[in-house]
Amino acid sequence: MSKIKKLDLSSNKLVDSMLHLGNSASFTYLNLSQNELISFPFSHSWKSLEVLDLTENKINQEISVNLDGLSSMKDLLLSYNYFSGAIPNKIRSLVRLEKLHLDHNSLQGTIPDDVLSLVRLRELKLSHNGQARQCFNGISQCGLYTDEYQGGDVCCNSDNGETICSDEAGVETEGDFLSGDFCLTPALRGTIPVGFGNTPYLEVLDMSNNLLAGNIPPEISLLSRIELLDLSNNTLTGSIPSALGALVNAAVLVKGNSMIRGQHKDDEIAPLSLCNNVRGFDLFHDPTWCPPERNLLRKFYFEAKGQEWTNSTGWVGEYNSHCEWHGVECNDEVQVINLTLGNDGLSGRIS
């Protein structure tokens with residue numbers, strides 16, 4: 001079967017890839033999803049392969065092996081496995097890539113800027129690459145005394161025979177010289193890359209359930225085709241960019257980032273444009289982050305031609321509470337009890 005181009009062996013119990021059935025150089029489509037593969041021989045000879053689906057197997061190997069040989073790849077679907085290591089910089093060589101699914105694996109390190117060079121990307125899924133913290137005896141399970149550790153990656157053998165590795169950012173040491181432990185927390189971490197304006201076709205961007213830190217880049221708002229932006233359950237900080245209010249047709253998910261605040265340290269308030277424009281915002285119905293009366297007052301402001309008022313101090317500011325707007329008085333529950341705008345130049349029609 002040297003001419004075979006499409007091979008679909010999905011939803012079986014295979015432990016072997018069965019690639020001997022044909023000339024691998026002629027494959028354009030390989031679907032081995034939902035099997036029991038524990039490894040997979042990526043090949044530099046797959047110059048014609050456009051779709052590779054290995055979703056839901058038990059593959060436990062480095063993610064970087066021979067990826068740069070997949071020069072025609074459009075859909076690389078590797079979700080729900082045990083791929084380890086860092087996302088390689090050579091991912092940029094997959095210039096035709098449209099779908100990259102690496103979620104629910106054991107990846108670690110940072111997300112390389114090289115991902116942003118994949119200008120045809122429509123789906124990027126990197127979620128659930130954060131693993132629970134595990135501790136191992138230094139010398140018996142990791143082959144290293146804790147006081148000898150001078151930085152870099154550490155790999156340890158668990159009781160069930162699995163090898164767990166972490167980059168330096170996820171390595172901690174506990175105990176004394178002889179009985180010291182290495183505690184590893186492998187995960188995708190670091191900051192979200194800046195420059196998503198280079199991927200204008202992106203529709204799905206899922207980086208949830210990792211250990212990403214730092215601020216949310218405002219440049220993500222340039223993704224005009226985005227349908228899902230999931231940044232939930234990370235360790236992101238700072239305020240939510242008001243620019244995300246432009247993503248009116250997207251689901252924007254940020255819950256589970258306990259360090260996210262309003263513009264001031266102790267505030268919990270989301271940008272007004274996001275609360276008003278993006279119904280898929282996961283805090284849209286949270287009265288603390290998105291007070292409904294603030295949206296109503298915004299509507300009132302534009303209907304009454306607020307731009308022409310004598311005094312509109314604070315009105316429709318992205319981050320300040322509506323209770324701080326000129327003429328607005330609230331009670332302790334942040335509910336409006338008085339609106340005093342007499343002789344302030346209001347006009348127009350109030351609906």
# chains A, B, ... in the order shown; residues from 1 in each chain; ligands from 1
>>> residues_around(residues="A:Asn276", least_positions_apart="5", cutoff="12 Å", atoms="only C-alpha atoms", output="list in words")
Ser242, Leu244, Gly245, Ala246, Leu247, Val248, Ala270, Pro271, Phe281, Leu283, Phe284, His285, Trp289, Cys290, Pro291, Pro292, Glu293, Arg294, Asn295, Leu296, Leu297, Arg298, Lys299, Val316 and Glu318 of chain A
>>> write_last_selection(atoms="C-alpha atoms", output="mmCIF file, in the first residue's frame")
data_model
loop_
_atom_site.group_PDB
_atom_site.id
_atom_site.type_symbol
_atom_site.label_atom_id
_atom_site.label_comp_id
_atom_site.auth_asym_id
_atom_site.auth_seq_id
_atom_site.Cartn_x
_atom_site.Cartn_y
_atom_site.Cartn_z
ATOM 1 C CA SER A 242 -9.813 47.968 28.635
ATOM 2 C CA LEU A 244 -10.462 43.767 25.446
ATOM 3 C CA GLY A 245 -13.781 45.582 25.211
ATOM 4 C CA ALA A 246 -13.286 45.406 21.445
ATOM 5 C CA LEU A 247 -13.785 41.607 21.488
ATOM 6 C CA VAL A 248 -17.571 41.923 21.294
ATOM 7 C CA ALA A 270 -13.407 45.401 35.368
ATOM 8 C CA PRO A 271 -13.163 47.899 32.496
ATOM 9 C CA PHE A 281 -17.023 38.047 29.518
ATOM 10 C CA LEU A 283 -17.446 38.378 34.989
ATOM 11 C CA PHE A 284 -20.237 40.070 33.029
ATOM 12 C CA HIS A 285 -22.897 39.089 35.583
ATOM 13 C CA TRP A 289 -16.627 43.424 38.893
ATOM 14 C CA CYS A 290 -19.380 44.654 36.557
ATOM 15 C CA PRO A 291 -21.949 46.688 38.554
ATOM 16 C CA PRO A 292 -25.150 46.709 36.504
ATOM 17 C CA GLU A 293 -25.977 50.298 37.542
ATOM 18 C CA ARG A 294 -22.682 51.426 36.009
ATOM 19 C CA ASN A 295 -23.836 50.101 32.630
ATOM 20 C CA LEU A 296 -27.201 51.846 33.004
ATOM 21 C CA LEU A 297 -25.524 55.140 33.845
ATOM 22 C CA ARG A 298 -23.239 54.745 30.837
ATOM 23 C CA LYS A 299 -26.280 54.401 28.615
ATOM 24 C CA VAL A 316 -17.699 56.561 31.767
ATOM 25 C CA GLU A 318 -12.970 52.591 32.326
#
>>> closest_residue(among="A:Asp344, A:Asp267, A:Asp286, A:Asp159", to="A:Gly327", atoms="only C-alpha atoms")
A:Asp344
>>> residues_around(residues="A:Pro241", least_positions_apart="4", cutoff="10 Å", atoms="only C-alpha atoms", output="mmCIF file with all heavy atoms, in the first residue's frame")
data_model
loop_
_atom_site.group_PDB
_atom_site.id
_atom_site.type_symbol
_atom_site.label_atom_id
_atom_site.label_comp_id
_atom_site.auth_asym_id
_atom_site.auth_seq_id
_atom_site.Cartn_x
_atom_site.Cartn_y
_atom_site.Cartn_z
ATOM 1 N N ASN A 215 1.087 40.622 33.360
ATOM 2 C CA ASN A 215 -0.129 41.285 32.897
ATOM 3 C C ASN A 215 -0.676 40.644 31.623
ATOM 4 O O ASN A 215 0.047 39.991 30.877
ATOM 5 C CB ASN A 215 0.147 42.764 32.633
ATOM 6 C CG ASN A 215 0.499 43.525 33.902
ATOM 7 O OD1 ASN A 215 0.159 43.098 35.001
ATOM 8 N ND2 ASN A 215 1.201 44.643 33.749
ATOM 9 N N ILE A 216 -1.954 40.869 31.383
ATOM 10 C CA ILE A 216 -2.582 40.465 30.122
ATOM 11 C C ILE A 216 -2.188 41.488 29.061
ATOM 12 O O ILE A 216 -2.457 42.683 29.223
ATOM 13 C CB ILE A 216 -4.109 40.408 30.257
ATOM 14 C CG1 ILE A 216 -4.515 39.417 31.343
ATOM 15 C CG2 ILE A 216 -4.747 40.049 28.920
ATOM 16 C CD1 ILE A 216 -6.001 39.444 31.663
ATOM 17 N N PRO A 217 -1.556 41.077 27.962
ATOM 18 C CA PRO A 217 -1.136 42.048 26.945
ATOM 19 C C PRO A 217 -2.342 42.681 26.240
ATOM 20 O O PRO A 217 -3.202 41.967 25.727
ATOM 21 C CB PRO A 217 -0.321 41.209 25.954
ATOM 22 C CG PRO A 217 -0.010 39.937 26.657
ATOM 23 C CD PRO A 217 -1.119 39.708 27.629
ATOM 24 N N PRO A 218 -2.433 44.006 26.204
ATOM 25 C CA PRO A 218 -3.551 44.655 25.495
ATOM 26 C C PRO A 218 -3.617 44.288 24.026
ATOM 27 O O PRO A 218 -4.685 44.350 23.416
ATOM 28 C CB PRO A 218 -3.248 46.154 25.674
ATOM 29 C CG PRO A 218 -2.313 46.242 26.829
ATOM 30 C CD PRO A 218 -1.523 44.978 26.821
ATOM 31 N N GLU A 219 -2.470 43.872 23.445
ATOM 32 C CA GLU A 219 -2.430 43.550 22.021
ATOM 33 C C GLU A 219 -3.353 42.400 21.651
ATOM 34 O O GLU A 219 -3.697 42.226 20.472
ATOM 35 C CB GLU A 219 -0.991 43.199 21.609
ATOM 36 C CG GLU A 219 -0.018 44.353 21.660
ATOM 37 C CD GLU A 219 0.540 44.617 23.043
ATOM 38 O OE1 GLU A 219 0.153 43.904 23.994
ATOM 39 O OE2 GLU A 219 1.364 45.540 23.175
ATOM 40 N N ILE A 220 -3.772 41.608 22.630
ATOM 41 C CA ILE A 220 -4.700 40.515 22.339
ATOM 42 C C ILE A 220 -6.004 41.061 21.747
ATOM 43 O O ILE A 220 -6.704 40.377 21.000
ATOM 44 C CB ILE A 220 -4.971 39.694 23.619
ATOM 45 C CG1 ILE A 220 -3.718 38.880 23.988
ATOM 46 C CG2 ILE A 220 -6.149 38.746 23.445
ATOM 47 C CD1 ILE A 220 -3.879 38.010 25.210
ATOM 48 N N SER A 221 -6.319 42.303 22.050
ATOM 49 C CA SER A 221 -7.552 42.909 21.523
ATOM 50 C C SER A 221 -7.516 43.065 20.009
ATOM 51 O O SER A 221 -8.558 43.314 19.386
ATOM 52 C CB SER A 221 -7.777 44.279 22.168
ATOM 53 O OG SER A 221 -6.748 45.185 21.791
ATOM 54 N N GLY A 245 -12.397 45.224 25.506
ATOM 55 C CA GLY A 245 -13.781 45.582 25.211
ATOM 56 C C GLY A 245 -14.097 45.553 23.732
ATOM 57 O O GLY A 245 -15.274 45.582 23.341
ATOM 58 N N GLY A 262 -8.519 45.809 39.895
ATOM 59 C CA GLY A 262 -8.829 46.974 39.089
ATOM 60 C C GLY A 262 -7.566 47.792 38.891
ATOM 61 O O GLY A 262 -6.448 47.322 39.107
ATOM 62 N N GLN A 263 -7.728 49.033 38.504
ATOM 63 C CA GLN A 263 -6.553 49.855 38.235
ATOM 64 C C GLN A 263 -5.795 50.188 39.518
ATOM 65 O O GLN A 263 -4.602 50.433 39.505
ATOM 66 C CB GLN A 263 -6.964 51.142 37.523
ATOM 67 C CG GLN A 263 -5.859 51.783 36.735
ATOM 68 C CD GLN A 263 -6.364 52.853 35.804
ATOM 69 O OE1 GLN A 263 -7.278 53.593 36.142
ATOM 70 N NE2 GLN A 263 -5.787 52.950 34.622
ATOM 71 N N ALA A 270 -13.854 45.662 36.729
ATOM 72 C CA ALA A 270 -13.407 45.401 35.368
ATOM 73 C C ALA A 270 -13.649 46.627 34.502
ATOM 74 O O ALA A 270 -14.478 47.492 34.838
ATOM 75 C CB ALA A 270 -14.139 44.189 34.799
ATOM 76 N N PRO A 271 -12.959 46.748 33.378
ATOM 77 C CA PRO A 271 -13.163 47.899 32.496
ATOM 78 C C PRO A 271 -14.625 48.025 32.057
ATOM 79 O O PRO A 271 -15.279 47.026 31.755
ATOM 80 C CB PRO A 271 -12.253 47.602 31.307
ATOM 81 C CG PRO A 271 -11.230 46.670 31.825
ATOM 82 C CD PRO A 271 -11.909 45.852 32.871
ATOM 83 N N SER A 273 -15.919 49.177 29.313
ATOM 84 C CA SER A 273 -16.193 48.723 27.947
ATOM 85 C C SER A 273 -16.346 47.214 27.882
ATOM 86 O O SER A 273 -17.159 46.686 27.111
ATOM 87 C CB SER A 273 -15.078 49.184 27.004
ATOM 88 O OG SER A 273 -13.828 48.717 27.443
ATOM 89 N N LEU A 274 -15.570 46.491 28.692
ATOM 90 C CA LEU A 274 -15.669 45.027 28.707
ATOM 91 C C LEU A 274 -16.985 44.588 29.334
ATOM 92 O O LEU A 274 -17.657 43.676 28.837
ATOM 93 C CB LEU A 274 -14.481 44.456 29.473
ATOM 94 C CG LEU A 274 -14.169 42.966 29.360
ATOM 95 C CD1 LEU A 274 -14.004 42.541 27.916
ATOM 96 C CD2 LEU A 274 -12.923 42.613 30.149
ATOM 97 N N GLU A 318 -13.048 54.043 32.482
ATOM 98 C CA GLU A 318 -12.970 52.591 32.326
ATOM 99 C C GLU A 318 -12.879 51.867 33.670
ATOM 100 O O GLU A 318 -13.446 50.789 33.839
ATOM 101 C CB GLU A 318 -11.761 52.221 31.464
ATOM 102 C CG GLU A 318 -11.956 52.491 29.972
ATOM 103 C CD GLU A 318 -12.928 51.525 29.322
ATOM 104 O OE1 GLU A 318 -13.357 50.539 29.961
ATOM 105 O OE2 GLU A 318 -13.264 51.746 28.154
ATOM 106 N N TYR A 319 -12.171 52.431 34.625
ATOM 107 C CA TYR A 319 -11.881 51.688 35.849
ATOM 108 C C TYR A 319 -12.474 52.277 37.122
ATOM 109 O O TYR A 319 -12.511 51.597 38.141
ATOM 110 C CB TYR A 319 -10.362 51.551 36.036
ATOM 111 C CG TYR A 319 -9.689 50.696 34.986
ATOM 112 C CD1 TYR A 319 -9.068 51.276 33.891
ATOM 113 C CD2 TYR A 319 -9.700 49.309 35.076
ATOM 114 C CE1 TYR A 319 -8.451 50.499 32.917
ATOM 115 C CE2 TYR A 319 -9.086 48.523 34.113
ATOM 116 C CZ TYR A 319 -8.463 49.116 33.033
ATOM 117 O OH TYR A 319 -7.864 48.343 32.079
#
>>> residues_around(residues="A:Cys323", least_positions_apart="5", cutoff="12 Å", atoms="only C-alpha atoms", output="list in words")
Pro291, Glu293, Arg294, Leu297, Thr313, Gly314, Trp315, Val316, Gly317, Val328, Glu329, Cys330, Asn331, Asp332, Glu333, Val334, Gln335, Val336, Ile337, Asn338 and Leu339 of chain A
>>> write_last_selection(atoms="N, CA, C and O atoms", output="short mmCIF file (atom, residue, chain, number, x, y, z; two decimals), in the first residue's frame")
data_model
loop_
_atom_site.label_atom_id
_atom_site.label_comp_id
_atom_site.auth_asym_id
_atom_site.auth_seq_id
_atom_site.Cartn_x
_atom_site.Cartn_y
_atom_site.Cartn_z
N PRO A 291 -20.70 46.21 37.95
CA PRO A 291 -21.95 46.69 38.55
C PRO A 291 -22.98 47.04 37.49
O PRO A 291 -22.69 47.84 36.59
N GLU A 293 -25.58 48.89 37.57
CA GLU A 293 -25.98 50.30 37.54
C GLU A 293 -24.95 51.15 36.79
O GLU A 293 -25.28 52.20 36.24
N ARG A 294 -23.70 50.70 36.77
CA ARG A 294 -22.68 51.43 36.01
C ARG A 294 -23.00 51.37 34.52
O ARG A 294 -22.87 52.38 33.80
N LEU A 297 -25.95 53.74 33.85
CA LEU A 297 -25.52 55.14 33.85
C LEU A 297 -24.71 55.48 32.59
O LEU A 297 -24.77 56.61 32.09
N THR A 313 -17.22 65.05 35.14
CA THR A 313 -16.02 64.50 35.78
C THR A 313 -16.22 63.04 36.20
O THR A 313 -17.17 62.72 36.91
N GLY A 314 -15.34 62.19 35.75
CA GLY A 314 -15.37 60.78 36.14
C GLY A 314 -16.30 59.91 35.32
O GLY A 314 -16.15 58.68 35.33
N TRP A 315 -17.24 60.50 34.60
CA TRP A 315 -18.23 59.69 33.90
C TRP A 315 -17.59 58.83 32.82
O TRP A 315 -16.70 59.25 32.10
N VAL A 316 -18.09 57.61 32.71
CA VAL A 316 -17.70 56.56 31.77
C VAL A 316 -16.20 56.31 31.76
O VAL A 316 -15.63 55.88 30.75
N GLY A 317 -15.53 56.54 32.90
CA GLY A 317 -14.15 56.11 33.03
C GLY A 317 -14.08 54.59 33.05
O GLY A 317 -14.97 53.92 33.58
N VAL A 328 -23.30 61.58 41.25
CA VAL A 328 -23.79 60.26 41.64
C VAL A 328 -23.46 60.02 43.11
O VAL A 328 -22.32 60.18 43.53
N GLU A 329 -24.47 59.64 43.88
CA GLU A 329 -24.26 59.30 45.28
C GLU A 329 -24.76 57.88 45.53
O GLU A 329 -25.86 57.52 45.09
N CYS A 330 -23.96 57.07 46.20
CA CYS A 330 -24.30 55.67 46.46
C CYS A 330 -24.35 55.40 47.95
O CYS A 330 -23.78 56.13 48.76
N ASN A 331 -25.03 54.29 48.28
CA ASN A 331 -25.01 53.82 49.67
C ASN A 331 -23.85 52.86 49.87
O ASN A 331 -23.02 52.67 48.97
N ASP A 332 -23.78 52.26 51.03
CA ASP A 332 -22.66 51.36 51.34
C ASP A 332 -22.66 50.11 50.48
O ASP A 332 -21.64 49.42 50.37
N GLU A 333 -23.80 49.79 49.88
CA GLU A 333 -23.89 48.61 49.00
C GLU A 333 -23.61 48.97 47.55
O GLU A 333 -23.89 48.20 46.64
N VAL A 334 -23.05 50.15 47.32
CA VAL A 334 -22.70 50.64 45.99
C VAL A 334 -23.93 50.74 45.09
O VAL A 334 -23.86 50.48 43.89
N GLN A 335 -25.06 51.07 45.67
CA GLN A 335 -26.29 51.29 44.93
C GLN A 335 -26.55 52.78 44.84
O GLN A 335 -26.38 53.51 45.83
N VAL A 336 -26.97 53.26 43.69
CA VAL A 336 -27.23 54.68 43.49
C VAL A 336 -28.46 55.10 44.29
O VAL A 336 -29.53 54.48 44.16
N ILE A 337 -28.31 56.14 45.11
CA ILE A 337 -29.45 56.66 45.89
C ILE A 337 -29.79 58.09 45.48
O ILE A 337 -30.92 58.54 45.69
N ASN A 338 -28.84 58.82 44.90
CA ASN A 338 -29.11 60.18 44.44
C ASN A 338 -28.36 60.44 43.15
O ASN A 338 -27.19 60.06 42.99
N LEU A 339 -29.05 61.09 42.20
CA LEU A 339 -28.44 61.52 40.95
C LEU A 339 -28.74 63.00 40.79
O LEU A 339 -29.87 63.40 40.57
#
>>> residues_around(residues="A:Ile38", least_positions_apart="3", cutoff="8 Å", atoms="only C-alpha atoms", output="JSON, numbers by chain")
{"A": [15, 57, 58, 59, 60]}
>>> closest_residue(among="A:Ser321, A:Trp46, A:Ser312, A:Lys305", to="A:Glu268", atoms="only C-alpha atoms")
A:Ser321
>>> residues_around(residues="A:Leu178", least_positions_apart="4", cutoff="10 Å", atoms="only C-alpha atoms", output="PyMOL selection string")
chain A and resi 137-139+145-147
>>> residues_around(residues="A:Leu52", least_positions_apart="4", cutoff="6 Å", atoms="only C-alpha atoms", output="ChimeraX atom specification")
/A:30-31,76
>>> atom_distance(atom1="atom CA of A:Val95", atom2="atom CA of A:Lys74")
8.6 Å
>>> closest_residue(among="A:Ala132, A:Ser127, A:Leu144, A:Val171", to="A:Asn234", atoms="only C-alpha atoms")
A:Ser127
>>> select_by_dssp(residues="stretch 116-182 of chain A", states="alpha helix (DSSP H)", output="MDAnalysis selection string")
chainID A and resid 138:141
